[in-house]
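Chemist: Structure file upload.cif (mmCIF, C-alpha atoms) is given on the next line.
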```
data_entry
#
loop_
_atom_site.label_atom_id
_atom_site.label_comp_id
_atom_site.auth_asym_id
_atom_site.auth_seq_id
_atom_site.Cartn_x
_atom_site.Cartn_y
_atom_site.Cartn_z
CA MET A 25 105.42 58.02 51.14
CA GLN A 26 108.83 56.76 52.18
CA THR A 27 111.19 54.52 50.26
CA SER A 28 112.22 51.76 52.61
CA SER A 29 114.71 49.76 50.56
CA ARG A 30 117.69 51.08 48.67
CA GLN A 31 117.22 51.30 44.92
CA THR A 32 119.85 49.41 42.92
CA TYR A 33 119.78 51.83 39.99
CA LEU A 34 121.21 54.58 42.18
CA ASP A 35 124.27 52.46 42.91
CA TRP A 36 124.72 51.74 39.21
CA LEU A 37 124.37 55.42 38.35
CA ARG A 38 126.97 56.36 40.95
CA ILE A 39 129.35 53.81 39.44
CA ILE A 40 128.70 55.13 35.93
CA ALA A 41 129.25 58.71 37.14
CA ILE A 42 132.63 57.79 38.65
CA ILE A 43 133.62 56.06 35.40
CA GLY A 44 132.69 59.34 33.72
CA VAL A 45 134.98 61.15 36.14
CA LEU A 46 137.81 58.77 35.14
CA PHE A 47 137.31 59.60 31.45
CA PHE A 48 137.02 63.30 32.26
CA HIS A 49 140.14 63.65 34.41
CA SER A 50 142.18 61.38 32.12
CA ALA A 51 141.41 63.79 29.27
CA MET A 52 142.29 66.99 31.14
CA PRO A 53 146.03 66.93 30.33
CA TYR A 54 145.13 66.75 26.62
CA VAL A 55 142.12 69.09 26.42
CA ALA A 56 142.47 72.29 24.41
CA TYR A 57 142.16 75.67 26.18
CA TRP A 58 141.41 74.42 29.69
CA GLU A 59 144.14 74.73 32.31
CA TRP A 60 145.08 71.75 34.47
CA HIS A 61 147.85 70.55 36.79
CA ILE A 62 149.83 68.82 34.01
CA LYS A 63 149.36 69.74 30.34
CA ASN A 64 150.50 68.01 27.18
CA PRO A 65 152.30 70.20 24.62
CA GLU A 66 149.69 69.25 22.01
CA THR A 67 146.01 69.36 22.89
CA SER A 68 142.78 68.00 21.42
CA HIS A 69 139.57 69.80 20.52
CA VAL A 70 137.75 66.46 20.27
CA LEU A 71 138.54 65.66 23.91
CA LEU A 72 137.46 69.21 24.75
CA GLU A 73 134.02 68.47 23.32
CA MET A 74 133.75 65.27 25.34
CA ASN A 75 134.78 67.00 28.54
CA ASP A 76 132.54 69.98 27.93
CA PHE A 77 129.59 67.59 27.74
CA LEU A 78 130.60 65.55 30.81
CA HIS A 79 131.36 68.69 32.81
CA ARG A 80 127.80 69.92 32.56
CA PHE A 81 126.21 67.17 34.60
CA ARG A 82 128.76 64.77 36.14
CA MET A 83 129.05 66.61 39.48
CA PRO A 84 125.34 67.60 39.63
CA LEU A 85 124.49 63.91 39.16
CA LEU A 86 126.89 62.85 41.94
CA PHE A 87 125.39 65.42 44.32
CA PHE A 88 121.85 64.34 43.40
CA ILE A 89 122.76 60.72 44.16
CA SER A 90 124.51 61.83 47.37
CA GLY A 91 121.21 63.32 48.50
CA THR A 92 119.56 59.92 48.13
CA VAL A 93 122.45 58.30 50.05
CA SER A 94 121.92 60.73 52.94
CA TYR A 95 118.25 59.76 53.00
CA TYR A 96 119.00 56.06 53.31
CA MET A 97 121.62 56.65 56.00
CA LEU A 98 119.00 58.37 58.14
CA GLN A 99 116.43 55.58 57.93
CA HIS A 100 117.68 53.77 61.03
CA ARG A 101 119.80 56.47 62.70
CA THR A 102 119.37 59.55 64.81
CA GLY A 103 120.72 62.87 63.63
CA GLY A 104 123.79 62.36 65.81
CA GLY A 105 124.34 58.88 64.41
CA PHE A 106 124.01 60.24 60.88
CA LEU A 107 126.62 62.95 61.52
CA GLY A 108 128.96 60.46 63.16
CA LEU A 109 128.72 58.19 60.13
CA ARG A 110 129.28 61.07 57.71
CA PHE A 111 132.30 62.17 59.73
CA ARG A 112 133.78 58.69 59.44
CA ARG A 113 132.90 58.24 55.77
CA LEU A 114 133.82 61.76 54.63
CA PHE A 115 136.13 63.63 57.01
CA ILE A 116 138.65 60.82 57.58
CA PRO A 117 139.13 60.12 53.82
CA LEU A 118 139.31 63.87 53.19
CA LEU A 119 142.05 64.26 55.78
CA LEU A 120 143.88 61.28 54.28
CA GLY A 121 143.57 62.89 50.87
CA ILE A 122 144.94 66.25 51.97
CA LEU A 123 147.89 64.71 53.82
CA VAL A 124 148.74 61.70 51.62
CA ILE A 125 146.85 61.38 48.33
CA VAL A 126 146.94 64.93 46.94
CA PRO A 127 150.52 66.10 47.78
CA PRO A 128 152.13 64.09 44.93
CA GLN A 129 149.84 65.91 42.49
CA VAL A 130 150.90 69.32 43.75
CA TYR A 131 154.57 68.32 43.88
CA LEU A 132 154.65 67.16 40.25
CA GLU A 133 152.86 70.32 39.16
CA ARG A 134 155.46 72.40 41.00
CA LEU A 135 158.23 70.47 39.25
CA THR A 136 156.81 71.58 35.91
CA GLN A 137 156.93 75.14 37.25
CA GLY A 138 160.60 74.95 38.19
CA TYR A 139 160.69 73.54 41.73
CA LYS A 140 164.02 71.75 42.31
CA GLY A 141 163.64 69.94 45.63
CA ASN A 142 162.71 66.30 46.19
CA PHE A 143 159.29 65.20 47.39
CA TRP A 144 160.22 65.05 51.07
CA GLN A 145 161.61 68.57 50.98
CA PHE A 146 158.41 69.70 49.31
CA TYR A 147 156.26 67.87 51.86
CA GLY A 148 158.07 69.49 54.77
CA GLU A 149 157.46 72.92 53.26
CA MET A 150 153.85 72.19 52.29
CA PHE A 151 152.40 73.11 55.69
CA THR A 152 153.91 76.61 55.70
CA THR A 153 153.13 77.74 52.16
CA GLY A 154 149.38 78.30 52.53
CA VAL A 155 146.46 77.13 50.45
CA TYR A 156 146.63 76.16 46.78
CA PRO A 157 147.03 77.66 44.19
CA LYS A 158 149.37 80.18 45.81
CA GLY A 159 150.43 77.63 48.43
CA ASN A 160 150.79 73.86 48.30
CA MET A 161 148.08 72.66 50.71
CA SER A 162 145.09 71.42 48.73
CA TRP A 163 142.25 68.95 48.49
CA HIS A 164 142.24 69.12 44.64
CA HIS A 165 139.65 66.66 43.23
CA LEU A 166 138.49 65.79 46.75
CA TRP A 167 136.67 69.12 46.99
CA PHE A 168 133.53 67.07 46.31
CA ILE A 169 133.98 65.24 49.64
CA GLY A 170 134.53 68.50 51.52
CA TYR A 171 131.44 70.11 50.03
CA LEU A 172 129.35 67.00 50.74
CA LEU A 173 130.49 66.89 54.36
CA VAL A 174 129.49 70.52 54.93
CA TYR A 175 126.17 70.03 53.13
CA ASP A 176 125.26 67.07 55.34
CA ILE A 177 126.22 68.93 58.52
CA VAL A 178 124.18 71.98 57.54
CA CYS A 179 121.19 69.99 56.29
CA ALA A 180 121.10 67.34 59.03
CA PRO A 181 118.41 69.15 61.10
CA LEU A 182 116.23 69.49 57.99
CA PHE A 183 116.76 65.86 57.01
CA VAL A 184 115.87 64.66 60.50
CA TRP A 185 112.75 66.83 60.59
CA LEU A 186 111.59 65.50 57.21
CA GLY A 187 111.53 62.02 58.74
CA LYS A 188 109.15 63.12 61.51
CA PRO A 189 105.36 63.41 61.20
CA GLY A 190 105.45 67.15 60.53
CA GLY A 191 108.09 66.70 57.88
CA GLN A 192 106.19 63.81 56.33
CA ARG A 193 103.10 66.01 55.98
CA PHE A 194 105.30 68.63 54.34
CA LEU A 195 106.67 66.05 51.90
CA GLN A 196 103.17 64.98 50.93
CA ARG A 197 102.63 68.42 49.40
CA PHE A 198 105.35 67.68 46.87
CA ALA A 199 103.29 64.81 45.49
CA LEU A 200 101.55 67.45 43.37
CA LEU A 201 104.79 67.81 41.41
CA ALA A 202 104.49 64.20 40.24
CA LYS A 203 101.64 65.07 37.87
CA GLY A 204 102.62 65.59 34.25
CA ALA A 205 105.97 67.32 33.97
CA ARG A 206 105.62 69.45 37.11
CA VAL A 207 108.65 67.70 38.59
CA TYR A 208 110.74 70.08 36.48
CA LEU A 209 109.74 72.87 38.85
CA LEU A 210 112.36 71.47 41.24
CA MET A 211 115.09 72.98 39.09
CA LEU A 212 113.76 76.55 39.00
CA PRO A 213 115.58 77.85 42.12
CA SER A 214 118.85 76.46 40.79
CA ILE A 215 118.38 77.98 37.34
CA VAL A 216 117.55 81.41 38.80
CA LEU A 217 120.57 81.21 41.11
CA TYR A 218 122.91 80.20 38.30
CA ALA A 219 121.70 82.85 35.86
CA SER A 220 121.90 85.55 38.54
CA LEU A 221 125.47 84.87 39.67
CA VAL A 222 127.40 83.22 36.84
CA PHE A 223 128.51 86.52 35.29
CA LYS A 224 130.10 87.55 38.57
CA TYR A 225 131.45 84.33 40.11
CA ARG A 226 133.33 81.29 38.86
CA PHE A 227 133.94 77.92 40.46
CA THR A 228 136.68 78.13 43.10
CA GLY A 229 136.56 74.71 44.77
CA ASN A 230 137.41 76.25 48.15
CA LEU A 231 133.81 76.25 49.48
CA VAL A 232 133.93 79.43 51.56
CA GLN A 233 134.41 81.71 48.55
CA ASP A 234 132.45 79.62 46.10
CA TYR A 235 129.48 81.96 46.08
CA LEU A 236 127.77 80.41 43.07
CA TYR A 237 128.61 76.73 42.91
CA ALA A 238 128.42 75.95 46.63
CA PRO A 239 124.67 76.75 46.76
CA TYR A 240 124.16 75.51 43.19
CA TYR A 241 125.40 72.00 43.96
CA LEU A 242 123.55 72.00 47.28
CA LEU A 243 120.26 72.33 45.40
CA PHE A 244 121.02 69.12 43.49
CA LEU A 245 121.66 67.30 46.76
CA LEU A 246 118.40 68.60 48.24
CA ALA A 247 116.52 67.55 45.11
CA GLY A 248 117.97 64.05 45.38
CA PHE A 249 116.91 63.76 49.02
CA LEU A 250 113.43 65.08 48.24
CA CYS A 251 112.89 62.81 45.25
CA ILE A 252 113.87 59.62 47.09
CA ALA A 253 111.87 60.65 50.18
CA CYS A 254 108.84 61.24 47.94
CA PRO A 255 109.00 58.25 45.55
CA VAL A 256 106.26 59.54 43.24
CA LEU A 257 108.76 62.17 42.11
CA MET A 258 111.20 59.46 41.07
CA ASP A 259 108.33 57.77 39.25
CA SER A 260 107.66 61.05 37.45
CA LEU A 261 111.30 61.32 36.37
CA GLU A 262 111.03 57.80 34.96
CA ARG A 263 107.86 58.64 33.04
CA ASN A 264 109.33 61.88 31.69
CA ARG A 265 112.72 60.41 30.78
CA ARG A 266 112.23 60.87 27.02
CA LEU A 267 111.18 64.48 27.46
CA SER A 268 114.20 65.07 29.70
CA LEU A 269 116.48 63.56 27.07
CA ALA A 270 114.92 65.67 24.30
CA ILE A 271 115.27 68.92 26.25
CA GLY A 272 118.78 67.98 27.37
CA PHE A 273 119.82 67.26 23.78
CA ILE A 274 118.28 70.45 22.35
CA SER A 275 119.77 72.64 25.08
CA LEU A 276 123.21 71.06 24.54
CA VAL A 277 123.01 71.73 20.79
CA PHE A 278 122.01 75.34 21.48
CA ILE A 279 124.91 75.86 23.90
CA ASP A 280 127.40 74.27 21.50
CA TYR A 281 126.09 76.39 18.62
CA LEU A 282 126.74 79.56 20.60
CA ARG A 283 130.16 78.31 21.64
CA TRP A 284 131.19 77.25 18.15
CA THR A 285 130.09 80.61 16.71
CA HIS A 286 132.04 82.47 19.42
CA LEU A 287 128.87 83.59 21.17
CA ASP A 288 129.41 81.65 24.40
CA ALA A 289 126.62 82.84 26.68
CA ILE A 290 128.97 83.75 29.53
CA HIS A 291 131.14 85.83 27.18
CA PHE A 292 128.40 87.39 25.06
CA LEU A 293 129.24 90.44 22.96
CA PRO A 294 128.45 93.68 24.84
CA GLY A 295 125.79 94.63 22.30
CA PHE A 296 123.43 91.86 23.39
CA PRO A 297 120.67 92.89 25.85
CA MET A 298 121.17 91.57 29.39
CA GLY A 299 117.84 89.78 29.22
CA VAL A 300 119.11 87.68 26.33
CA ARG A 301 122.35 86.99 28.16
CA TYR A 302 120.53 85.85 31.32
CA LEU A 303 118.27 83.59 29.25
CA ALA A 304 121.27 82.08 27.47
CA VAL A 305 123.15 81.25 30.67
CA ALA A 306 119.98 79.90 32.27
CA ILE A 307 119.98 77.27 29.53
CA HIS A 308 123.35 76.04 30.85
CA ALA A 309 121.72 75.16 34.18
CA LEU A 310 118.64 73.78 32.42
CA CYS A 311 120.92 71.49 30.39
CA ALA A 312 122.61 70.17 33.54
CA TRP A 313 119.28 69.38 35.20
CA MET A 314 117.86 67.72 32.12
CA TRP A 315 120.83 65.35 31.80
CA VAL A 316 120.63 64.52 35.51
CA PHE A 317 116.91 63.83 35.17
CA THR A 318 117.60 61.78 32.03
CA ALA A 319 120.14 59.63 33.88
CA ILE A 320 117.78 59.12 36.83
CA GLY A 321 114.78 58.35 34.61
CA TYR A 322 116.53 55.84 32.37
CA GLY A 323 118.46 54.39 35.29
CA LYS A 324 115.27 53.74 37.23
CA LYS A 325 113.71 52.14 34.17
CA TYR A 326 116.58 49.88 33.10
CA LEU A 327 119.21 49.64 35.86
CA ASN A 328 117.13 48.69 38.90
CA LYS A 329 118.45 45.14 38.79
CA PRO A 330 120.76 43.32 41.23
CA SER A 331 124.03 41.82 40.11
CA ARG A 332 126.65 39.62 41.72
CA VAL A 333 129.37 42.13 40.84
CA LEU A 334 127.50 45.14 42.20
CA GLY A 335 128.57 44.63 45.81
CA TYR A 336 132.26 44.51 44.92
CA VAL A 337 132.13 47.45 42.49
CA ASN A 338 130.03 49.51 44.89
CA GLU A 339 132.71 49.03 47.54
CA ALA A 340 135.46 49.97 45.10
CA VAL A 341 133.95 53.14 43.69
CA TYR A 342 134.73 55.49 46.61
CA PRO A 343 138.38 54.47 47.12
CA PHE A 344 138.74 54.52 43.34
CA TYR A 345 137.53 58.12 43.25
CA ILE A 346 139.97 59.11 45.99
CA LEU A 347 142.93 57.49 44.23
CA HIS A 348 142.37 58.01 40.53
CA GLN A 349 143.50 61.59 39.96
CA THR A 350 146.81 61.11 41.73
CA VAL A 351 147.49 58.14 39.46
CA ILE A 352 146.56 60.26 36.43
CA VAL A 353 148.87 63.11 37.40
CA ILE A 354 151.80 60.75 38.04
CA LEU A 355 151.27 59.01 34.70
CA THR A 356 150.82 62.15 32.65
CA TYR A 357 153.82 63.89 34.24
CA TYR A 358 155.90 61.37 32.27
CA LEU A 359 153.56 60.90 29.30
CA VAL A 360 153.63 64.57 28.30
CA GLN A 361 157.40 64.28 27.89
CA VAL A 362 157.17 61.69 25.09
CA SER A 363 156.17 62.23 21.48
CA ASP A 364 153.36 59.68 21.05
CA GLY A 365 150.01 60.87 19.75
CA ILE A 366 147.28 62.24 22.01
CA GLY A 367 144.95 59.33 21.30
CA MET A 368 147.47 56.75 22.44
CA LYS A 369 148.40 58.79 25.51
CA TYR A 370 144.76 59.24 26.48
CA LEU A 371 143.95 55.55 26.06
CA PHE A 372 147.02 54.60 28.07
CA THR A 373 146.03 57.04 30.82
CA VAL A 374 142.49 55.65 31.12
CA VAL A 375 143.48 51.97 31.08
CA VAL A 376 146.48 52.20 33.39
CA THR A 377 144.72 54.51 35.85
CA PHE A 378 141.83 52.07 36.08
CA PHE A 379 144.14 49.08 36.52
CA VAL A 380 146.43 50.71 39.10
CA SER A 381 143.59 52.20 41.15
CA MET A 382 141.62 48.96 41.22
CA THR A 383 144.74 46.94 42.09
CA ILE A 384 145.52 49.22 45.02
CA PHE A 385 141.92 48.89 46.18
CA HIS A 386 141.83 45.11 45.86
CA LEU A 387 145.22 44.31 47.41
CA PHE A 388 145.87 47.07 49.91
CA ILE A 389 142.53 48.61 50.94
CA ARG A 390 139.66 46.13 50.73
CA PRO A 391 141.12 43.34 52.92
CA TYR A 392 142.23 45.52 55.86
CA ALA A 393 139.97 47.08 58.46
CA PHE A 394 142.23 50.08 59.09
CA MET A 395 142.56 50.89 55.40
CA ARG A 396 138.81 50.56 54.95
CA LEU A 397 138.38 53.12 57.72
CA LEU A 398 140.84 55.52 56.08
CA PHE A 399 139.06 55.27 52.73
CA GLY A 400 135.53 55.65 54.10
CA MET A 401 134.39 52.08 53.52
CA LYS A 402 132.07 50.02 55.67
CA PRO A 403 133.81 47.84 58.27
CA LEU A 404 134.75 44.32 57.35
CA PRO A 405 131.79 41.96 57.83
CA ARG A 406 132.07 39.93 60.99
CA LYS A 407 133.01 36.31 60.49
CA LYS A 408 130.15 33.96 61.13
CA THR A 409 130.69 31.62 64.00
CA ILE A 410 129.45 28.07 63.95
CA GLU A 411 127.93 26.85 67.16
CA ALA A 412 127.59 23.12 67.50
CA ASP A 413 124.41 21.80 69.05
CA ALA A 414 126.19 18.64 70.12
CA VAL A 415 129.76 17.49 70.56
CA VAL A 416 130.80 15.06 67.89
CA VAL A 417 133.64 12.82 69.01
CA ASN A 418 136.65 12.28 66.72
CA THR A 419 135.40 14.90 64.19
CA PRO A 420 138.08 17.30 62.98
CA PRO A 421 137.33 21.00 63.43
CA VAL A 422 135.78 22.94 60.57
CA LEU A 423 138.07 25.63 59.12
CA THR A 424 136.68 28.74 57.49
CA MET A 425 138.45 31.22 55.25
CA GLY A 426 137.52 34.83 54.82
CA ALA A 427 136.58 35.99 51.34
#
```
I need this file expressed as structure tokens, please.

Modeler:
Amino acid sequence: MQTSSRQTYLDWLRIIAIIGVLFFHSAMPYVAYWEWHIKNPETSHVLLEMNDFLHRFRMPLLFFISGTVSYYMLQHRTGGGFLGLRFRRLFIPLLLGILVIVPPQVYLERLTQGYKGNFWQFYGEMFTTGVYPKGNMSWHHLWFIGYLLVYDIVCAPLFVWLGKPGGQRFLQRFALLAKGARVYLLMLPSIVLYASLVFKYRFTGNLVQDYLYAPYYLLFLLAGFLCIACPVLMDSLERNRRLSLAIGFISLVFIDYLRWTHLDAIHFLPGFPMGVRYLAVAIHALCAWMWVFTAIGYGKKYLNKPSRVLGYVNEAVYPFYILHQTVIVILTYYLVQVSDGIGMKYLFTVVVTFFVSMTIFHLFIRPYAFMRLLFGMKPLPRKKTIEADAVVVNTPPVLTMGA
């Protein structure tokens, strides 16, 4: 029942999801209606449509994939070893982000709001102002890492138990969901949760008061762990990929129709019955799940192939995620002050953010053990030593160079 070797398509999907995050965050300064840290005087409804689509499933997909990552990390570790690894891979980068990566974002935002001090004055005051948005201490886009760390701590006992004989027998019961389209039953708890709470709570990003989205995203992580631990479920998602795409497309069209006719399900006119309103918002969650299942199904079918570049890109993707939004905010702080068109500004933001973030990774993070630790990467591979079986006289020593 277990999956012993890591599936390449999951790495590719994680990379694609992070590229989606780059396009999403690069558009935020230029998106109509939505608030963000830095905003361009002119905004775009076209970019709003792109971001509205990406927003529905980009984070659910990352949490689903994170559930599969947690599964693989536990294959050859105890619960304590798993938590130690998650602490190193998640808490240390999160702390780095709060203390080093995110403060420039908050500082530049405060400058647009009238703050007059320099960065070092701001940084010295940051620790006494409280938590963002009222204060200046924040994890901003790194909320994902904080949520994931807490999820893994809370779920570690369950994950460990699922690897034991009793847990394996429990997992075998889920094989029934692999028949037909029963795998879609996995999303029912999430849909009910979302429809029940979305009228009352919004996303906060602070975890402790995120009464809807904290459990909502957790259910995606649990589904990812369950599906990779019970491979027939992944097989079912592959078989049902066309159905997932069809439902995802139809639900997206329905949501957009309501939005474009000013009948957004979350802001329905008071005259609509509550039953209709609950059904309409449930389709938002259904849409998210269907696009996640579509990505997994098509990824498993077409992306489960090794590549020589995969190892390098897979190393880069986590530091890239940590760095990218700070680069975007710095760039757009200056870009919004010039008169060029939105299209040119957006293209410039995407290209330069990618180039700068990857250059920082390649030159200043990847080669150094300490920087790899700070950014949650695996340690540098140990250099292979050559042991001679015999002493060869008058032979110069062999020199090796690290990659």

Chemist: Which residue, A:Met368, A:Met258, A:Val351, A:Ala306, has the smallest gap to A:Val380 when you use only C-alpha atoms?

Modeler: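 Nearest to A:Val380: A:Val351.
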
Chemist: Taking only C-alpha atoms into account, which of A:Arg38, A:Arg332, A:Arg193, A:Lys63 comes nearest A:Ser90?

Modeler: A:Arg38

Chemist: Spell out the residues picked by the PyMOL selection byres ((chain A and resi 383-396) around 10) here, as an MDAnalysis selection string.

Modeler: chainID A and resid 113 117 336 339:344 347 377:382 397:405 426:427

Chemist: Could you state which residues are captured by the PyMOL selection byres ((chain A and resi 57) around 9) in this file, as an NGL selection string?

Modeler: :A and (55-56 or 58-59 or 67 or 69 or 72)

Chemist: I'd like to see the residues matched by the PyMOL selection byres ((chain A and resi 318) around 10) on this file, and ideally I'd get them as a list in words.

Modeler: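 Taken over the shown coordinates, the PyMOL selection byres ((chain A and resi 318) around 10) returns Leu261, Glu262, Asn264, Arg265, Arg266, Leu267, Ser268, Leu269, Ala270, Ile271, Gly272, Ala312, Trp313, Met314, Trp315, Val316, Phe317, Ala319, Ile320, Gly321, Tyr322, Gly323 and Lys324 of chain A.
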
Chemist: Set the distance at 10 Å and use only C-alpha atoms: which residues neighbour A:Tyr171 once local chain neighbours fewer than 5 positions away are removed? I'd like the list as a PDB file with C-alpha atoms, keeping the file's coordinate frame.

Modeler:
```pdb
ATOM      1  CA  PHE A  87     125.390  65.420  44.320  1.00  0.00           C
ATOM      2  CA  LEU A 114     133.820  61.760  54.630  1.00  0.00           C
ATOM      3  CA  LEU A 166     138.490  65.790  46.750  1.00  0.00           C
ATOM      4  CA  ASP A 176     125.260  67.070  55.340  1.00  0.00           C
ATOM      5  CA  GLY A 229     136.560  74.710  44.770  1.00  0.00           C
ATOM      6  CA  ASN A 230     137.410  76.250  48.150  1.00  0.00           C
ATOM      7  CA  LEU A 231     133.810  76.250  49.480  1.00  0.00           C
ATOM      8  CA  VAL A 232     133.930  79.430  51.560  1.00  0.00           C
ATOM      9  CA  ALA A 238     128.420  75.950  46.630  1.00  0.00           C
ATOM     10  CA  TYR A 241     125.400  72.000  43.960  1.00  0.00           C
ATOM     11  CA  LEU A 242     123.550  72.000  47.280  1.00  0.00           C
TER      12      LEU A 242
END
```

Chemist: Would you work out the distance separating atom CA of A:Ala41 from atom CA of A:Leu86, expressed in Å to one decimal?

Modeler: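 Distance reported for this atom pair: 6.8 Å.
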
Chemist: If I take atom CA of A:Leu85 and atom CA of A:Phe244, how far is one from the other in Å, to one decimal?

Modeler: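 Value for the atom CA of A:Leu85-atom CA of A:Phe244 distance: 7.6 Å.
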
Chemist: Rank A:Val374, A:Leu37, A:Leu257, A:Leu209 by their smallest atom-to-atom distance to A:Leu195, using all atoms listed in the file, and report the top residue only.

Modeler: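 Counting all atoms listed in the file, the residue closest to A:Leu195 is A:Leu257.
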
Chemist: Find the spatial neighbours of A:Met74, counting only C-alpha atoms, within a cut-off of 12 Å - ignore same-chain residues fewer than 3 positions away - and output them as a ChimeraX atom specification.

Modeler: /A:44-45,47-52,54-56,68-71,77-80,82,280

Chemist: One decimal, in Å: what's the spacing between atom CA of A:Ile177 and atom CA of A:Leu107?

Modeler: 6.7 Å

Chemist: Give me, as a list in words, all polymer residues having an atom no more than 6 Å from A:Val305, counting only C-alpha atoms and skipping those fewer than 2 positions away in the same chain.

Modeler: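 In the requested form, the answer reads Ala219, Ala289, Tyr302, Leu303, Ile307 and His308 of chain A.
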
Chemist: Tell me which of A:Asn142, A:Ala309, A:Phe115, A:Tyr237 sits closest to A:Val216, counting only C-alpha atoms.

Modeler: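 Of A:Asn142, A:Ala309, A:Phe115, A:Tyr237, the one nearest A:Val216, counting only C-alpha atoms, is A:Ala309.
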
Chemist: Identify which of the residues A:Leu245, A:Pro255, A:Glu66, A:Val178 lies closest to A:Ala199, counting only C-alpha atoms when measuring atom-to-atom distances.

Modeler: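 Result for the nearest residue to A:Ala199: A:Pro255.
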
Chemist: May I ask which of the residues A:Val360, A:Val222, A:Leu334, A:Val256 is the closest one to A:Lys203, counting all atoms listed in the file?

Modeler: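 Comparing A:Val360, A:Val222, A:Leu334, A:Val256 against A:Lys203, the winner is A:Val256.
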
Chemist: Fewer than 4 positions away in the same chain doesn't count, so skip those; otherwise give me all residues within 8 Å of stretch 143-160 of chain A, counting all atoms listed in the file, as a PDB file with C-alpha atoms, in the frame of the given file.

Modeler:
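Once written, selection_25.pdb looks like this:
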```pdb
ATOM      1  CA  PRO A 127     150.520  66.100  47.780  1.00  0.00           C
ATOM      2  CA  PRO A 128     152.130  64.090  44.930  1.00  0.00           C
ATOM      3  CA  VAL A 130     150.900  69.320  43.750  1.00  0.00           C
ATOM      4  CA  TYR A 131     154.570  68.320  43.880  1.00  0.00           C
TER       5      TYR A 131
END
```

Chemist: Some atoms are absent from stretch 43-47 of chain A, so rebuild all heavy atoms and return them as a compact mmCIF listing (two decimals), in the frame of the given file.

Modeler:
```txt
# COMPACT_ATOMS: atom_id res chain seq x y z
N ILE A 43 132.93 56.42 36.64
CA ILE A 43 133.62 56.06 35.40
C ILE A 43 133.72 57.29 34.50
O ILE A 43 134.75 57.53 33.85
CB ILE A 43 132.88 54.91 34.69
CG1 ILE A 43 132.99 53.63 35.53
CG2 ILE A 43 133.44 54.68 33.29
CD1 ILE A 43 132.16 52.48 35.00
N GLY A 44 132.65 58.08 34.47
CA GLY A 44 132.69 59.34 33.72
C GLY A 44 133.76 60.27 34.23
O GLY A 44 134.45 60.96 33.45
N VAL A 45 133.93 60.32 35.55
CA VAL A 45 134.98 61.15 36.14
C VAL A 45 136.36 60.65 35.70
O VAL A 45 137.27 61.45 35.44
CB VAL A 45 134.86 61.15 37.69
CG1 VAL A 45 136.08 61.79 38.33
CG2 VAL A 45 133.59 61.90 38.11
N LEU A 46 136.54 59.33 35.62
CA LEU A 46 137.81 58.77 35.14
C LEU A 46 138.10 59.25 33.72
O LEU A 46 139.21 59.71 33.42
CB LEU A 46 137.74 57.24 35.18
CG LEU A 46 138.87 56.51 34.44
CD1 LEU A 46 140.21 56.78 35.11
CD2 LEU A 46 138.59 55.00 34.39
N PHE A 47 137.12 59.14 32.82
CA PHE A 47 137.31 59.60 31.45
C PHE A 47 137.57 61.10 31.39
O PHE A 47 138.39 61.57 30.59
CB PHE A 47 136.10 59.23 30.59
CG PHE A 47 136.06 57.78 30.19
CD1 PHE A 47 135.21 56.88 30.82
CD2 PHE A 47 136.87 57.32 29.17
CE1 PHE A 47 135.18 55.56 30.45
CE2 PHE A 47 136.85 55.98 28.79
CZ PHE A 47 136.00 55.10 29.43
```
